[in-house]
Amino acid sequence: MGTITMSVGPQLGESVDNEINATSFVESTCTTTFGFDVIVTTDSWIEWSASSGVTVTGGVSGETLSAGTHSYTGTVVGFKSFDATQNTVTSNLFIKLKDSQAGATLDNLTISRVHSTQNC
Amino acid sequence: MLYTITNSGSANSRPSQIGANTVATTYGTSYVFTLADFTTGTTPPYADPEDDALSYIKVLTLPSQGELHVNDVAISANTIVSVGVISTGNFKLVPPATAPGGLAELVPSFTFDCADAGSNQLSGLGAGVMSLSLTSAANSAPSTVGDNTVLFGYGVTKVFSAADFTTNTTPAYSDPEGNAAYKVKITSLPSSGSLTFNGSPVLINQEILLSAVDSGYLTFNQDLAVKSSQTITFDFSISDVGSEQFTS
């Protein structure tokens, strides 16, 4: 039996207030680059958790965002999958926008890259 | 004066009985003869007045299909094959790799005579007949079906091709007989979005001709309400045109 793994990119589009909006997503053999921005109308909180090999620039996880536009970029370094059962593993970046550190979640977004048996 | 001549012994006799037999193998698979094939396995069985064992056979005529080999070398008619060669597995029928002319089955034969160990002479009774029942080997299901990862963006309808299930997988599709892939069977469905065939939802275990896949009838429609990246999987199996059997 075989398995088809479909890796679907995030929605790209116009930024919406108080949401996390993916602005770019480009996959190559060994690297994925992406961008996202956040436009908040009042002070807010952003945090994320990332798999190994995922880097984000433009800010840090666990920071207060002042009202305005905040842009981030990032990369995922590709690697050869060690998952022999499916030949694919996924690196994820889980981003969460909250109204405050302990407050309600306003939006979230996941950005993923699927690694294959191709060696980088 | 009367002389009496007394025969103090008699000459050892030749074999008194040889028979016919049928052995079976498949095209492409050699058959190794045994001593029993020419003695106890024949009808009637080999017999000798002194119960002497078989010493050798003589191949009188060759089969119309395949070759007879001694020590892996093809022999010609009127070749002597000793018991030692037969008992050590060095007398073989080597059939054609496939049925000639597409015939499913053939029963060629060769003729032989037997000599016993006492007289060491052929029976001279006429030909024993060894018939060779050749059948086509059962066609096997594909031996290799691999995994594949396809990448596409948000909002894109993925249109599958046969290559997504065969040549683009790791490892690539293969079949023991080299038969081409025939159908894909969808054995599990994606957890998000929908897999459709010609506009209708695909059902678990639905079988789809790969030619129809190549015509663009198998598509994946993502759930546009999900704006994040998604990793979605489904499982499949492949059959080949020879066996029409799916991999397990």
# chains A, B, ... in the order shown; residues from 1 in each chain; ligands from 1

call {"tool": "closest_atom_pairs", "arguments": {"of": "chain A", "to": "chain B", "cutoff": "9 Å", "atoms": "only C-alpha atoms", "output": "Markdown table"}}
result
| residue | atom | partner | partner_atom | distance |
| --- | --- | --- | --- | --- |
| A:Met1 | CA | B:Ser237 | CA | 4.9 |
| A:Gly2 | CA | B:Asp147 | CA | 4.9 |
| A:Thr3 | CA | B:Asp235 | CA | 4.3 |
| A:Ile4 | CA | B:Asn148 | CA | 5.0 |
| A:Thr5 | CA | B:Thr233 | CA | 4.4 |
| A:Met6 | CA | B:Val150 | CA | 5.0 |
| A:Ser7 | CA | B:Thr231 | CA | 4.7 |
| A:Val8 | CA | B:Gln230 | CA | 5.0 |
| A:Gly9 | CA | B:Gly153 | CA | 4.4 |
| A:Pro10 | CA | B:Ser229 | CA | 4.2 |
| A:Gln11 | CA | B:Lys227 | CA | 4.6 |
| A:Leu12 | CA | B:Tyr154 | CA | 7.4 |
| A:Asn21 | CA | B:Lys227 | CA | 8.8 |
| A:Ala22 | CA | B:Ser228 | CA | 8.4 |
| A:Phe25 | CA | B:Gly153 | CA | 8.5 |
| A:Glu27 | CA | B:Leu151 | CA | 8.5 |
| A:Gln86 | CA | B:Asp147 | CA | 6.8 |
| A:Asn87 | CA | B:Asp147 | CA | 6.9 |
| A:Thr88 | CA | B:Thr149 | CA | 7.6 |
| A:Thr90 | CA | B:Thr231 | CA | 7.8 |
| A:Asn92 | CA | B:Ser229 | CA | 8.8 |
| A:Asn108 | CA | B:Ser228 | CA | 8.3 |
| A:Leu109 | CA | B:Ser228 | CA | 5.2 |
| A:Thr110 | CA | B:Ser228 | CA | 4.8 |
| A:Ile111 | CA | B:Ser229 | CA | 4.9 |
| A:Ser112 | CA | B:Ser229 | CA | 5.4 |
| A:Arg113 | CA | B:Ser229 | CA | 8.2 |
| A:Val114 | CA | B:Thr231 | CA | 7.5 |
| A:His115 | CA | B:Thr149 | CA | 8.6 |
| A:Ser116 | CA | B:Thr149 | CA | 7.1 |
| A:Thr117 | CA | B:Thr170 | CA | 7.9 |

call {"tool": "select_by_dssp", "arguments": {"residues": "region 59-125 of chain B", "states": "helix (DSSP H, G or I)", "output": "PyMOL selection string"}}
result
chain B and resi 83-87+100-102

call {"tool": "atom_distance", "arguments": {"atom1": "CA of Val40 (chain A)", "atom2": "CA of Asp107 (chain A)"}}
result
11.2 Å

call {"tool": "residues_around", "arguments": {"residues": "region 11-21 of chain B", "least_positions_apart": "3", "cutoff": "8 Å", "atoms": "only C-alpha atoms", "output": "compact mmCIF listing (two decimals) with N, CA and C atoms, in the first residue's frame"}}
result
# COMPACT_ATOMS: atom_id res chain seq x y z
N ASP B 37 11.60 -40.51 -12.22
CA ASP B 37 10.87 -40.08 -13.42
C ASP B 37 11.00 -41.10 -14.54
N PHE B 38 12.09 -41.89 -14.54
CA PHE B 38 12.33 -42.85 -15.63
C PHE B 38 12.15 -44.30 -15.17
N THR B 39 11.82 -44.49 -13.90
CA THR B 39 11.72 -45.87 -13.39
C THR B 39 10.35 -46.11 -12.73
N GLY B 41 8.24 -43.99 -11.70
CA GLY B 41 7.20 -43.01 -12.05
C GLY B 41 6.57 -43.24 -13.41
N THR B 42 7.10 -44.17 -14.18
CA THR B 42 6.55 -44.38 -15.52
C THR B 42 5.41 -45.40 -15.47
N THR B 43 4.62 -45.39 -16.54
CA THR B 43 3.54 -46.37 -16.70
C THR B 43 3.73 -47.09 -18.03
N PRO B 44 4.01 -48.38 -18.02
CA PRO B 44 4.33 -49.20 -16.85
C PRO B 44 5.70 -48.81 -16.30
N PRO B 45 5.99 -49.19 -15.07
CA PRO B 45 7.30 -48.82 -14.49
C PRO B 45 8.43 -49.63 -15.11
N TYR B 46 9.59 -49.06 -15.02
CA TYR B 46 10.81 -49.74 -15.48
C TYR B 46 10.93 -51.09 -14.78
N ALA B 47 11.30 -52.14 -15.55
CA ALA B 47 11.50 -53.47 -14.95
C ALA B 47 12.63 -54.17 -15.66
N ASP B 48 13.31 -55.02 -14.92
CA ASP B 48 14.43 -55.78 -15.45
C ASP B 48 14.32 -57.21 -14.91
N PRO B 49 14.57 -58.22 -15.76
CA PRO B 49 14.42 -59.62 -15.30
C PRO B 49 15.25 -59.93 -14.07
N GLU B 50 16.43 -59.34 -14.00
CA GLU B 50 17.27 -59.60 -12.83
C GLU B 50 17.12 -58.52 -11.75
N ASP B 113 15.19 -44.46 -24.13
CA ASP B 113 15.28 -45.88 -23.85
C ASP B 113 16.13 -46.04 -22.59
N CYS B 114 15.99 -47.20 -21.93
CA CYS B 114 16.69 -47.43 -20.67
C CYS B 114 17.64 -48.63 -20.79
N ALA B 115 18.77 -48.52 -20.10
CA ALA B 115 19.70 -49.65 -19.98
C ALA B 115 19.80 -50.01 -18.51
N ASP B 116 19.99 -51.31 -18.25
CA ASP B 116 20.10 -51.76 -16.86
C ASP B 116 21.57 -51.93 -16.49
N GLY B 118 22.96 -54.46 -15.11
CA GLY B 118 23.49 -55.80 -15.30
C GLY B 118 24.02 -56.02 -16.70
N SER B 119 23.18 -55.76 -17.68
CA SER B 119 23.60 -55.98 -19.07
C SER B 119 24.26 -54.75 -19.66
N ASN B 120 23.92 -53.61 -19.08
CA ASN B 120 24.41 -52.32 -19.58
C ASN B 120 24.00 -52.10 -21.03
N GLN B 121 22.86 -52.68 -21.38
CA GLN B 121 22.36 -52.52 -22.75
C GLN B 121 20.97 -51.92 -22.72
N LEU B 122 20.67 -51.18 -23.76
CA LEU B 122 19.34 -50.59 -23.88
C LEU B 122 18.32 -51.69 -24.08
N SER B 123 17.07 -51.37 -23.71
CA SER B 123 16.02 -52.40 -23.78
C SER B 123 15.71 -52.78 -25.21
N LEU B 125 13.12 -52.00 -26.60
CA LEU B 125 11.68 -52.28 -26.64
C LEU B 125 10.92 -51.22 -27.42
N ALA B 127 10.38 -46.79 -27.68
CA ALA B 127 10.63 -45.57 -26.95
C ALA B 127 9.77 -45.42 -25.72
N GLY B 128 10.43 -45.07 -24.61
CA GLY B 128 9.69 -44.52 -23.49
C GLY B 128 9.37 -43.07 -23.82
N VAL B 129 8.30 -42.58 -23.29
CA VAL B 129 7.87 -41.23 -23.62
C VAL B 129 7.81 -40.38 -22.36
N MET B 130 8.51 -39.27 -22.37
CA MET B 130 8.44 -38.32 -21.27
C MET B 130 7.71 -37.07 -21.76
N SER B 131 6.48 -36.90 -21.28
CA SER B 131 5.69 -35.73 -21.67
C SER B 131 5.97 -34.60 -20.69

call {"tool": "closest_residue", "arguments": {"among": "B:Val94, B:Val83, B:Val107, B:Ala180", "to": "Ala53 (chain B)", "atoms": "only C-alpha atoms"}}
result
B:Val83

call {"tool": "atom_distance", "arguments": {"atom1": "CA of Ser71 (chain A)", "atom2": "CA of Val16 (chain A)"}}
result
12.9 Å

call {"tool": "atom_distance", "arguments": {"atom1": "CA of Leu93 (chain A)", "atom2": "CA of Asn168 (chain B)"}}
result
27.8 Å

call {"tool": "residues_around", "arguments": {"residues": "Gln101 (chain A)", "least_positions_apart": "4", "cutoff": "12 Å", "atoms": "only C-alpha atoms", "output": "ChimeraX atom specification"}}
result
/A:43-47,61-65,96-97,105-106

call {"tool": "closest_residue", "arguments": {"among": "B:Lys92, B:Lys183, B:His69, B:Lys58", "to": "Ser239 (chain B)", "atoms": "only C-alpha atoms"}}
result
B:Lys183

call {"tool": "residues_around", "arguments": {"residues": "Ala137 (chain B)", "least_positions_apart": "2", "cutoff": "12 Å", "atoms": "only C-alpha atoms", "output": "PyMOL selection string"}}
result
chain B and resi 24-29+96-99+104-105+134-135+139-140+176-177+242-243

call {"tool": "closest_residue", "arguments": {"among": "B:Ser136, B:Ser200, B:Thr157, B:Ser87", "to": "Asp223 (chain B)", "atoms": "only C-alpha atoms"}}
result
B:Thr157
